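Asks: Please see the structure below; I have some questions.
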Amino acid sequence: MRRQSRTWVLFIALLAGAIVGSVIGEVLSDVAPILSRGFSVGLQPPFHLDLNVISLTFGFNIRLNLAGAILVLLLVLLLGR
């Protein structure tokens, strides 16, 4: 497999793992509250650039909980070989 396509597959798998893991953590938060504990990384407030002709706003926020982090770690171990 070409290196570039393998990188995209790994990136998409990690993103999907983070999303699915976060959903699992939220669903199981009543059973195991520790799975829903997490952190948030991003730009707060979003970056805003006004050039009088065009206005650009750039921002992102990533919330990851413990279940998502565990699932991503497992995917890295499995797919990163």
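Residues are named by chain letter and number: chains run A, B, ... in the order of the structure tokens, numbers start at 1 in each chain, and ligands are numbered from 1 in the order shown.
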What parts of region 10-72 of chain A does DSSP call strand (DSSP E)? I'd like the answer as a PyMOL selection string.
Replies: chain A and resi 38-42+47-50+55-58+61-65
Asks: Rounded to one decimal place, report the CA of Ser29 (chain A)-CA of Phe60 (chain A) distance in Å.
Replies: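 These two atoms are separated by 24.9 Å.
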Asks: Would you compute the distance between CA of Gly38 (chain A) and CA of Leu74 (chain A)? Give it in Å to one decimal.
Replies: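 According to the coordinates, CA of Gly38 (chain A) and CA of Leu74 (chain A) are separated by 17.3 Å.
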Asks: For Asn61 (chain A), list every protein, DNA or RNA residue within 7 Å, evaluated using only C-alpha atoms, and leave out those in the same chain fewer than 6 positions away; present the list as a VMD selection string.
Replies: chain A and resid 40 to 43
Asks: Could you take the residues named above and write them with N, CA and C atoms, as a PDB file, in the first residue's frame?
Replies:
ATOM      1  N   SER A  40     -11.107  19.309  26.381  1.00  0.00           N
ATOM      2  CA  SER A  40     -11.446  20.000  25.150  1.00  0.00           C
ATOM      3  C   SER A  40     -10.247  20.811  24.684  1.00  0.00           C
ATOM      4  N   VAL A  41      -9.958  20.750  23.380  1.00  0.00           N
ATOM      5  CA  VAL A  41      -8.859  21.486  22.782  1.00  0.00           C
ATOM      6  C   VAL A  41      -9.407  22.246  21.588  1.00  0.00           C
ATOM      7  N   GLY A  42      -9.016  23.493  21.425  1.00  0.00           N
ATOM      8  CA  GLY A  42      -9.487  24.242  20.271  1.00  0.00           C
ATOM      9  C   GLY A  42      -9.236  25.726  20.392  1.00  0.00           C
ATOM     10  N   LEU A  43      -9.793  26.469  19.480  1.00  0.00           N
ATOM     11  CA  LEU A  43      -9.689  27.924  19.485  1.00  0.00           C
ATOM     12  C   LEU A  43     -10.945  28.514  20.112  1.00  0.00           C
TER      13      LEU A  43
END
Asks: Would you pick out the contacts of Phe39 (chain A) at 7 Å or less, using only C-alpha atoms, so that residues sharing its chain but fewer than 4 positions from it are not included, and give the list as a PyMOL selection string?
Replies: chain A and resi 63-65
Asks: For CA of Pro33 (chain A) and CA of Gly17 (chain A), determine how far apart the two atoms are, in Å to one decimal place.
Replies: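 Between CA of Pro33 (chain A) and CA of Gly17 (chain A) the gap is 19.6 Å.
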Asks: Quick one: residues within 12 Å of Leu28 (chain A), only C-alpha atoms counted, chain neighbours fewer than 4 positions away excluded, as a list in words?
Replies: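 Non-adjacent residues within range: Gly21, Ser22, Val23, Ile24, Ala32, Pro33, Ile34, Leu35, Ser36, Arg37, Asn65, Leu66, Ala67 and Gly68 of chain A.
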Asks: I need the residues from that last selection saved to file as a CSV table (one decimal), in the first residue's frame (with N, CA and C atoms), if you can.
Replies:
chain,number,residue,atom,x,y,z
A,21,GLY,N,-15.8,6.4,20.1
A,21,GLY,CA,-15.4,6.2,21.5
A,21,GLY,C,-16.1,7.3,22.4
A,22,SER,N,-16.2,8.5,21.8
A,22,SER,CA,-16.9,9.6,22.6
A,22,SER,C,-18.4,9.3,22.8
A,23,VAL,N,-19.0,8.7,21.7
A,23,VAL,CA,-20.4,8.4,21.8
A,23,VAL,C,-20.6,7.2,22.9
A,24,ILE,N,-19.7,6.2,22.8
A,24,ILE,CA,-19.8,5.1,23.8
A,24,ILE,C,-19.6,5.7,25.2
A,32,ALA,N,-20.6,3.8,34.1
A,32,ALA,CA,-19.2,4.1,34.5
A,32,ALA,C,-18.9,5.5,34.2
A,33,PRO,N,-19.1,6.4,35.2
A,33,PRO,CA,-19.0,7.9,35.0
A,33,PRO,C,-17.6,8.3,34.6
A,34,ILE,N,-16.6,7.5,34.9
A,34,ILE,CA,-15.2,7.9,34.5
A,34,ILE,C,-15.0,7.9,33.0
A,35,LEU,N,-15.8,7.1,32.3
A,35,LEU,CA,-15.6,7.1,30.8
A,35,LEU,C,-16.0,8.4,30.2
A,36,SER,N,-16.9,9.2,30.8
A,36,SER,CA,-17.3,10.4,30.2
A,36,SER,C,-16.4,11.6,30.6
A,37,ARG,N,-15.4,11.4,31.4
A,37,ARG,CA,-14.5,12.5,31.8
A,37,ARG,C,-13.6,12.7,30.6
A,65,ASN,N,-13.2,12.2,25.3
A,65,ASN,CA,-13.3,11.7,26.6
A,65,ASN,C,-12.4,10.4,26.8
A,66,LEU,N,-12.5,9.8,27.9
A,66,LEU,CA,-11.6,8.7,28.2
A,66,LEU,C,-11.9,7.5,27.3
A,67,ALA,N,-13.1,7.2,27.1
A,67,ALA,CA,-13.5,6.1,26.2
A,67,ALA,C,-13.0,6.3,24.8
A,68,GLY,N,-13.1,7.6,24.3
A,68,GLY,CA,-12.6,7.9,22.9
A,68,GLY,C,-11.1,7.8,22.9
Asks: Tell me which protein, DNA and RNA residues are within 9 Å of Val76 (chain A), counting only C-alpha atoms, leaving out same-chain ones fewer than 6 positions away, and put them as a PyMOL selection string.
Replies: chain A and resi 10+13-14
Asks: Keeping C-alpha atoms for every residue in the selection just given, could you write it to a file as a PDB file, in the first residue's frame?
Replies:
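Okay, this is what ended up in again03.pdb:
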ATOM      1  CA  LEU A  10      -5.010   5.896   9.562  1.00  0.00           C
ATOM      2  CA  ALA A  13      -9.738   5.506  11.353  1.00  0.00           C
ATOM      3  CA  LEU A  14      -8.492   7.675  14.228  1.00  0.00           C
TER       4      LEU A  14
END
Asks: From chain A, collect each residue whose DSSP state is helix (DSSP H, G or I) and return the set as number ranges by chain.
Replies: A: 3-27, 33-36, 66-79
Asks: Taking C-alpha atoms for each residue, export the selection above as a PDB file, in the first residue's frame.
Replies:
ATOM      1  CA  ARG A   3       2.413   5.530   2.152  1.00  0.00           C
ATOM      2  CA  GLN A   4       0.083   8.461   1.385  1.00  0.00           C
ATOM      3  CA  SER A   5      -3.047   6.324   1.152  1.00  0.00           C
ATOM      4  CA  ARG A   6      -2.049   4.485   4.344  1.00  0.00           C
ATOM      5  CA  THR A   7      -1.756   7.836   6.127  1.00  0.00           C
ATOM      6  CA  TRP A   8      -5.269   8.832   5.043  1.00  0.00           C
ATOM      7  CA  VAL A   9      -6.689   5.493   6.171  1.00  0.00           C
ATOM      8  CA  LEU A  10      -5.010   5.896   9.562  1.00  0.00           C
ATOM      9  CA  PHE A  11      -6.279   9.482   9.911  1.00  0.00           C
ATOM     10  CA  ILE A  12      -9.867   8.531   9.036  1.00  0.00           C
ATOM     11  CA  ALA A  13      -9.738   5.506  11.353  1.00  0.00           C
ATOM     12  CA  LEU A  14      -8.492   7.675  14.228  1.00  0.00           C
ATOM     13  CA  LEU A  15     -11.180  10.277  13.618  1.00  0.00           C
ATOM     14  CA  ALA A  16     -13.892   7.599  13.459  1.00  0.00           C
ATOM     15  CA  GLY A  17     -12.500   5.957  16.605  1.00  0.00           C
ATOM     16  CA  ALA A  18     -12.578   9.254  18.483  1.00  0.00           C
ATOM     17  CA  ILE A  19     -16.179   9.876  17.454  1.00  0.00           C
ATOM     18  CA  VAL A  20     -17.401   6.362  18.230  1.00  0.00           C
ATOM     19  CA  GLY A  21     -15.449   6.244  21.495  1.00  0.00           C
ATOM     20  CA  SER A  22     -16.884   9.562  22.611  1.00  0.00           C
ATOM     21  CA  VAL A  23     -20.414   8.363  21.849  1.00  0.00           C
ATOM     22  CA  ILE A  24     -19.762   5.137  23.780  1.00  0.00           C
ATOM     23  CA  GLY A  25     -18.391   7.154  26.693  1.00  0.00           C
ATOM     24  CA  GLU A  26     -21.488   9.358  26.799  1.00  0.00           C
ATOM     25  CA  VAL A  27     -23.863   6.375  26.549  1.00  0.00           C
ATOM     26  CA  PRO A  33     -18.972   7.852  35.009  1.00  0.00           C
ATOM     27  CA  ILE A  34     -15.204   7.886  34.543  1.00  0.00           C
ATOM     28  CA  LEU A  35     -15.610   7.081  30.841  1.00  0.00           C
ATOM     29  CA  SER A  36     -17.299  10.424  30.196  1.00  0.00           C
ATOM     30  CA  LEU A  66     -11.577   8.688  28.208  1.00  0.00           C
ATOM     31  CA  ALA A  67     -13.506   6.081  26.195  1.00  0.00           C
ATOM     32  CA  GLY A  68     -12.613   7.880  22.947  1.00  0.00           C
ATOM     33  CA  ALA A  69      -8.954   8.101  23.948  1.00  0.00           C
ATOM     34  CA  ILE A  70      -8.841   4.378  24.754  1.00  0.00           C
ATOM     35  CA  LEU A  71     -10.469   3.458  21.440  1.00  0.00           C
ATOM     36  CA  VAL A  72      -8.066   5.713  19.500  1.00  0.00           C
ATOM     37  CA  LEU A  73      -5.099   4.202  21.338  1.00  0.00           C
ATOM     38  CA  LEU A  74      -6.272   0.703  20.400  1.00  0.00           C
ATOM     39  CA  LEU A  75      -6.694   1.737  16.757  1.00  0.00           C
ATOM     40  CA  VAL A  76      -3.187   3.210  16.703  1.00  0.00           C
ATOM     41  CA  LEU A  77      -1.767  -0.003  18.097  1.00  0.00           C
ATOM     42  CA  LEU A  78      -3.673  -2.136  15.573  1.00  0.00           C
ATOM     43  CA  LEU A  79      -3.306   0.017  12.439  1.00  0.00           C
TER      44      LEU A  79
END
